[in-house]
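S.K.: To start, I am sharing the structure in question, which I have written as structure tokens.
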Amino acid sequence: MADQTKIATGDRQAWLGLLARAPAEALAALWSGYGARPEFQWLRTPEIGGVMVRGRAGGIGAPFNLGEMTVTRCALVLADGTEGHGYVQGRGKTHAETAALIDALMQTGDADTVRAKILEPLTRQVQAARSARAAKAAATKVEFFTMVRGEDQ
Amino acid sequence: MYVAVKGGEKAIENAHAWLAEERRGDPGVAELSLAQIREQLSLAVNRVMAEGSLYDPDLAALAIKQARGDLIEAIFLIRAYRTTLPRFGNSTPVDTGGMACDRRISATFKDAPGGQVLGPTFDYTHRLLDFKLAADGAVPEAPTAAPRHEPTPHITKFLKDEGLIQDEPASDKPPGDLTREPMEFPADRPLRLQALTRGDEGFVLGMAYSTQRGYARNHAFVGELRIGTVAVEMEIPELGFTIEIGEIALTECETVNQFKGSKTEPPQFTRGYGLVFGQSERKAIAMALVDRALRWEELGEDDLGAPAQDQEFVLSHADNIQATGFLEHIKLPHYVDFQSELELVRKLRREAKERLEPREAAE
């Protein structure tokens, strides 16, 4: 069983967040390329539910309920006793299962391989998609002729 | 009163079979896929998510297909599905200041830090039908420029730093939830904002327009309108920390409104706020105007008797599913009700006739 204390919460938050946000197809492709399928038992079989998303009045003030989003969650335990949790956006039971398995593997000796074969390429894909949108947005930035801006020099 | 009636099973079954056929339309025309609806009718999908109060583009696309494009029917389907979902919890309030903006404009500050970014907008199009879309054709790739990765600051922050705009005190008070407890009046601002963000776009637009035409005029400027994605975070009890559980597209509108000042407040601008799922800017601007109009009491303004100031009127009629449920139920069988009304009218007519007849006989 992995020594849970050695895993920084920040690292685990980062990979769980990435697995939650990642497009299910992109994760599935990388997972099928990974090959190994660890034995596990369910602690909680995949379950679809809703999470109430909140905003703040004026963007910064008192919280209010904006509406729900669909989320799928599950929890499992590997043969060596390592627990993995999956919380993913949408209604993807396989997506949640894959996320939980990767979460568990990231706490074992396989972490470096999983990071190199799945998390790093997934991060690159997600960042590339985000940059591509930001680049299109940047091209629609209005340049006022009356404006003098330092960065244009 | 609605009284159950029996019979008609076969007719209902056949009606639904015909509905399915009509939904499909001409089988010689290719069937729509959910992915086509999600990708190519994305603003309809956004409206169904916002008013259905459930962020899930695939489900909204399914609802639109099932409803034959009747968006209120689609919203009804989403609301019904939503009630079947167990609630895992509440997110921490989203940080719209950290939004990855597709669009960000200000009508008040030309040289807003972070720039005026138009995004994929209908603005400045000529609203002429584009017959090129009638024939299928490849779309050229949109131009790109060096992307901006740093967060885009809120415009109102600059006014707030100078003390020129009313503060928006942060709190961690859990907001009321109108999906859990029926709304009671007066409703506080968090409840009003929840009702408005899921309210009917047409209704909220009409109420907002009424304020612009002089009913509770409050001189709104769009201080900022931004559209983009934000991360959604939730604390996971079994993990003991907060993680991102997804990413959603939102439209946020902050209005900056005139305010004369009061006995306790120096003259300063006030705010209206709109935040809506998806790319829904008409709705977000309208929500901000109506939010501002409903704040008259807390800002020490006069009750002008305008409809947009009357929170019971606005909030009780903004929900298109409640409205359509009540409106459309009158088409369902009311035979017993109507029979009694019919009896009553006949009796009144008989009595009226009897009162007239003796007089006629005497003349």
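Letters A, B, ... mark the chains of the structure tokens in the order given; residue numbers begin at 1 per chain; ligand numbers begin at 1, in order shown.
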I'd like the neighbourhood of region 114-124 of chain B as an MDAnalysis selection string, where a residue qualifies if any of its atoms comes within 9 Å (using only C-alpha atoms), though same-chain residues fewer than 6 positions away should be ignored.
M.R.: (chainID A and resid 136:143) or (chainID B and resid 101:106 148 150:153 226:227)
S.K.: I'd like to know which residues of region 116-356 of chain B are strand (DSSP E or B) (by DSSP, run on the backbone); could you write them as a PyMOL selection string?
M.R.: chain B and resi 117+165+220-236+241-257+269-277
S.K.: My list of candidates is A:Val51, A:Ala62, A:Leu27, A:Ile7. Which is closest to Arg189 (chain B) when distances are computed with only C-alpha atoms?
M.R.: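 Between A:Val51, A:Ala62, A:Leu27, A:Ile7, the residue approaching Arg189 (chain B) most closely is A:Ala62.
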S.K.: Give me, as a tab-separated table, each residue of chain A that comes within 8 Å of chain B, together with its shortest interatomic pair and the distance in Å at one decimal, counting only C-alpha atoms, with rows ordered by chain and rising residue number.
M.R.:
```
residue	atom	partner	partner_atom	distance
A:Thr9	CA	B:Phe241	CA	7.9
A:Gln13	CA	B:Ile243	CA	5.4
A:Ala14	CA	B:Ile243	CA	7.8
A:Leu16	CA	B:Ile243	CA	6.7
A:Gly17	CA	B:Glu244	CA	4.4
A:Leu18	CA	B:Glu244	CA	7.8
A:Ala20	CA	B:Ile245	CA	5.2
A:Arg21	CA	B:Gly246	CA	4.6
A:Ile48	CA	B:Leu85	CA	7.1
A:Gly49	CA	B:Leu85	CA	4.8
A:Gly50	CA	B:Arg87	CA	4.8
A:Val51	CA	B:Gly89	CA	5.2
A:Met52	CA	B:Asn90	CA	4.6
A:Val53	CA	B:Ser91	CA	5.0
A:Arg54	CA	B:Pro93	CA	4.5
A:Gly55	CA	B:Pro93	CA	4.6
A:Arg56	CA	B:Pro93	CA	6.1
A:Ala57	CA	B:Tyr273	CA	6.5
A:Gly58	CA	B:Tyr273	CA	5.4
A:Gly59	CA	B:Thr96	CA	6.2
A:Ile60	CA	B:Ala170	CA	5.9
A:Gly61	CA	B:Ala170	CA	3.9
A:Ala62	CA	B:Ser171	CA	5.0
A:Pro63	CA	B:Pro175	CA	6.0
A:Phe64	CA	B:Pro190	CA	4.5
A:Asn65	CA	B:Gln194	CA	5.5
A:Leu66	CA	B:Gln194	CA	5.6
A:Gly67	CA	B:Ser53	CA	4.6
A:Glu68	CA	B:Leu54	CA	4.7
A:Met69	CA	B:Tyr55	CA	4.4
A:Thr70	CA	B:Asp56	CA	6.2
A:Val71	CA	B:Ile245	CA	7.5
A:Tyr87	CA	B:Ile245	CA	6.1
A:Val88	CA	B:Ile245	CA	5.7
A:Gln89	CA	B:Gly246	CA	5.0
A:Gly90	CA	B:Asp56	CA	6.4
A:Ser131	CA	B:Pro147	CA	6.4
A:Ala132	CA	B:Pro147	CA	7.8
A:Arg133	CA	B:Asp102	CA	7.1
A:Ala134	CA	B:Pro147	CA	4.9
A:Ala135	CA	B:Pro147	CA	4.2
A:Lys136	CA	B:Thr144	CA	4.5
A:Ala137	CA	B:Asp102	CA	5.3
A:Ala138	CA	B:Ala145	CA	5.3
A:Ala139	CA	B:Ala145	CA	4.8
A:Thr140	CA	B:Leu118	CA	5.3
A:Lys141	CA	B:Val117	CA	4.1
A:Val142	CA	B:Gln116	CA	5.5
A:Met147	CA	B:Asp111	CA	7.5
```
S.K.: Could you please take those selected residues and save N, CA and C atoms as a short mmCIF file (atom, residue, chain, number, x, y, z; two decimals), in the first residue's frame?
M.R.:
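Written file, out-v5.cif:
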```cif
data_model
loop_
_atom_site.label_atom_id
_atom_site.label_comp_id
_atom_site.auth_asym_id
_atom_site.auth_seq_id
_atom_site.Cartn_x
_atom_site.Cartn_y
_atom_site.Cartn_z
N THR A 9 -1.05 17.07 -1.16
CA THR A 9 -2.45 17.31 -1.52
C THR A 9 -2.55 18.08 -2.83
N GLN A 13 -4.74 17.09 -6.00
CA GLN A 13 -5.80 18.01 -6.49
C GLN A 13 -5.59 18.27 -7.98
N ALA A 14 -4.34 18.45 -8.37
CA ALA A 14 -4.06 18.79 -9.77
C ALA A 14 -4.47 17.64 -10.69
N LEU A 16 -6.57 15.09 -10.02
CA LEU A 16 -8.03 14.84 -9.95
C LEU A 16 -8.80 15.89 -10.77
N GLY A 17 -8.34 17.13 -10.71
CA GLY A 17 -8.99 18.21 -11.47
C GLY A 17 -8.84 17.98 -12.96
N LEU A 18 -7.63 17.60 -13.36
CA LEU A 18 -7.37 17.33 -14.78
C LEU A 18 -8.26 16.19 -15.27
N ALA A 20 -11.09 15.23 -14.07
CA ALA A 20 -12.51 15.64 -14.04
C ALA A 20 -12.87 16.45 -15.27
N ARG A 21 -11.94 17.33 -15.68
CA ARG A 21 -12.23 18.28 -16.75
C ARG A 21 -11.95 17.70 -18.14
N ILE A 48 -24.34 8.63 -10.93
CA ILE A 48 -24.55 9.93 -11.58
C ILE A 48 -25.38 10.81 -10.66
N GLY A 49 -24.95 12.04 -10.49
CA GLY A 49 -25.69 12.96 -9.63
C GLY A 49 -25.49 14.40 -10.07
N GLY A 50 -25.98 15.31 -9.26
CA GLY A 50 -25.86 16.73 -9.57
C GLY A 50 -25.10 17.46 -8.48
N VAL A 51 -24.42 18.51 -8.88
CA VAL A 51 -23.77 19.41 -7.93
C VAL A 51 -24.32 20.80 -8.18
N MET A 52 -24.77 21.46 -7.12
CA MET A 52 -25.27 22.83 -7.28
C MET A 52 -24.08 23.77 -7.41
N VAL A 53 -24.02 24.44 -8.56
CA VAL A 53 -22.94 25.39 -8.82
C VAL A 53 -23.35 26.74 -8.25
N ARG A 54 -22.45 27.35 -7.53
CA ARG A 54 -22.75 28.66 -6.95
C ARG A 54 -21.93 29.78 -7.59
N GLY A 55 -22.51 30.95 -7.59
CA GLY A 55 -21.81 32.15 -8.01
C GLY A 55 -21.85 33.13 -6.86
N ARG A 56 -21.36 34.33 -7.09
CA ARG A 56 -21.42 35.38 -6.07
C ARG A 56 -22.05 36.63 -6.68
N ALA A 57 -22.93 37.27 -5.93
CA ALA A 57 -23.54 38.53 -6.39
C ALA A 57 -22.42 39.53 -6.72
N GLY A 58 -22.48 40.12 -7.90
CA GLY A 58 -21.45 41.07 -8.30
C GLY A 58 -20.12 40.40 -8.56
N GLY A 59 -20.10 39.07 -8.62
CA GLY A 59 -18.86 38.32 -8.86
C GLY A 59 -18.01 38.15 -7.62
N ILE A 60 -18.27 38.95 -6.58
CA ILE A 60 -17.40 38.93 -5.40
C ILE A 60 -18.17 38.91 -4.08
N GLY A 61 -19.51 39.07 -4.13
CA GLY A 61 -20.29 39.24 -2.90
C GLY A 61 -20.88 37.96 -2.35
N ALA A 62 -22.14 38.05 -1.92
CA ALA A 62 -22.80 36.92 -1.27
C ALA A 62 -23.05 35.79 -2.27
N PRO A 63 -22.85 34.53 -1.83
CA PRO A 63 -23.07 33.40 -2.75
C PRO A 63 -24.55 33.23 -3.10
N PHE A 64 -24.80 32.73 -4.33
CA PHE A 64 -26.16 32.34 -4.71
C PHE A 64 -26.08 31.08 -5.57
N ASN A 65 -27.20 30.37 -5.66
CA ASN A 65 -27.26 29.13 -6.42
C ASN A 65 -27.55 29.42 -7.88
N LEU A 66 -26.62 29.01 -8.74
CA LEU A 66 -26.71 29.32 -10.17
C LEU A 66 -27.46 28.23 -10.92
N GLY A 67 -27.27 26.99 -10.52
CA GLY A 67 -27.88 25.87 -11.23
C GLY A 67 -26.99 24.66 -11.02
N GLU A 68 -27.51 23.49 -11.39
CA GLU A 68 -26.72 22.29 -11.15
C GLU A 68 -25.91 21.87 -12.36
N MET A 69 -24.95 21.01 -12.16
CA MET A 69 -24.24 20.36 -13.26
C MET A 69 -24.21 18.86 -12.96
N THR A 70 -24.11 18.05 -14.03
CA THR A 70 -24.05 16.61 -13.81
C THR A 70 -22.61 16.21 -13.48
N VAL A 71 -22.50 15.27 -12.57
CA VAL A 71 -21.21 14.76 -12.11
C VAL A 71 -21.36 13.26 -11.91
N TYR A 87 -14.17 11.74 -9.57
CA TYR A 87 -15.26 12.74 -9.64
C TYR A 87 -15.10 13.42 -10.98
N VAL A 88 -15.99 13.14 -11.92
CA VAL A 88 -15.82 13.72 -13.25
C VAL A 88 -17.09 14.43 -13.71
N GLN A 89 -16.90 15.42 -14.58
CA GLN A 89 -18.03 16.19 -15.11
C GLN A 89 -18.82 15.33 -16.09
N GLY A 90 -20.14 15.45 -16.04
CA GLY A 90 -20.99 14.75 -17.00
C GLY A 90 -21.48 13.41 -16.49
N SER A 131 -5.33 27.10 -25.30
CA SER A 131 -4.55 28.12 -25.99
C SER A 131 -5.14 28.45 -27.35
N ALA A 132 -5.68 27.42 -28.04
CA ALA A 132 -6.25 27.65 -29.36
C ALA A 132 -7.44 28.61 -29.27
N ARG A 133 -8.27 28.44 -28.23
CA ARG A 133 -9.40 29.36 -28.03
C ARG A 133 -8.91 30.75 -27.66
N ALA A 134 -7.92 30.79 -26.76
CA ALA A 134 -7.39 32.10 -26.33
C ALA A 134 -6.77 32.84 -27.51
N ALA A 135 -6.18 32.08 -28.44
CA ALA A 135 -5.54 32.71 -29.61
C ALA A 135 -6.59 33.31 -30.54
N LYS A 136 -7.74 32.62 -30.66
CA LYS A 136 -8.82 33.17 -31.49
C LYS A 136 -9.42 34.40 -30.83
N ALA A 137 -9.57 34.34 -29.50
CA ALA A 137 -10.09 35.50 -28.76
C ALA A 137 -9.15 36.69 -28.95
N ALA A 138 -7.84 36.43 -28.85
CA ALA A 138 -6.85 37.52 -28.96
C ALA A 138 -6.96 38.20 -30.31
N ALA A 139 -7.28 37.43 -31.36
CA ALA A 139 -7.39 38.02 -32.71
C ALA A 139 -8.61 38.93 -32.83
N THR A 140 -9.55 38.84 -31.86
CA THR A 140 -10.74 39.71 -31.93
C THR A 140 -10.63 40.88 -30.95
N LYS A 141 -9.42 41.10 -30.44
CA LYS A 141 -9.22 42.23 -29.53
C LYS A 141 -9.25 43.52 -30.35
N VAL A 142 -10.03 44.47 -29.87
CA VAL A 142 -10.20 45.73 -30.60
C VAL A 142 -8.97 46.60 -30.39
N MET A 147 -5.69 55.12 -29.14
CA MET A 147 -5.02 54.67 -27.92
C MET A 147 -3.52 54.64 -28.10
#
```
S.K.: Between CA of Gln309 (chain B) and CA of Pro186 (chain B), measure the distance and give it in Å to one decimal.
M.R.: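 Value for the CA of Gln309 (chain B)-CA of Pro186 (chain B) distance: 12.0 Å.
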S.K.: As a PyMOL selection string, please: every residue in region 168-264 of chain B that a backbone DSSP assignment puts in alpha helix (DSSP H).
M.R.: chain B and resi 189-197+201-212
S.K.: CA of Ala67 (chain B) and CA of Leu34 (chain B), how far apart in Å?
M.R.: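 Between CA of Leu34 (chain B) and CA of Ala67 (chain B) the gap works out to 12.7 Å.
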S.K.: Go through B:Leu332, B:Ala306, B:Ala138, B:Leu205 one by one, measure the shortest atom-to-atom distance of each to Ala318 (chain B) using only C-alpha atoms, and give the residue with the smallest value.
M.R.: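 Selected residue with least distance to Ala318 (chain B): B:Leu205.
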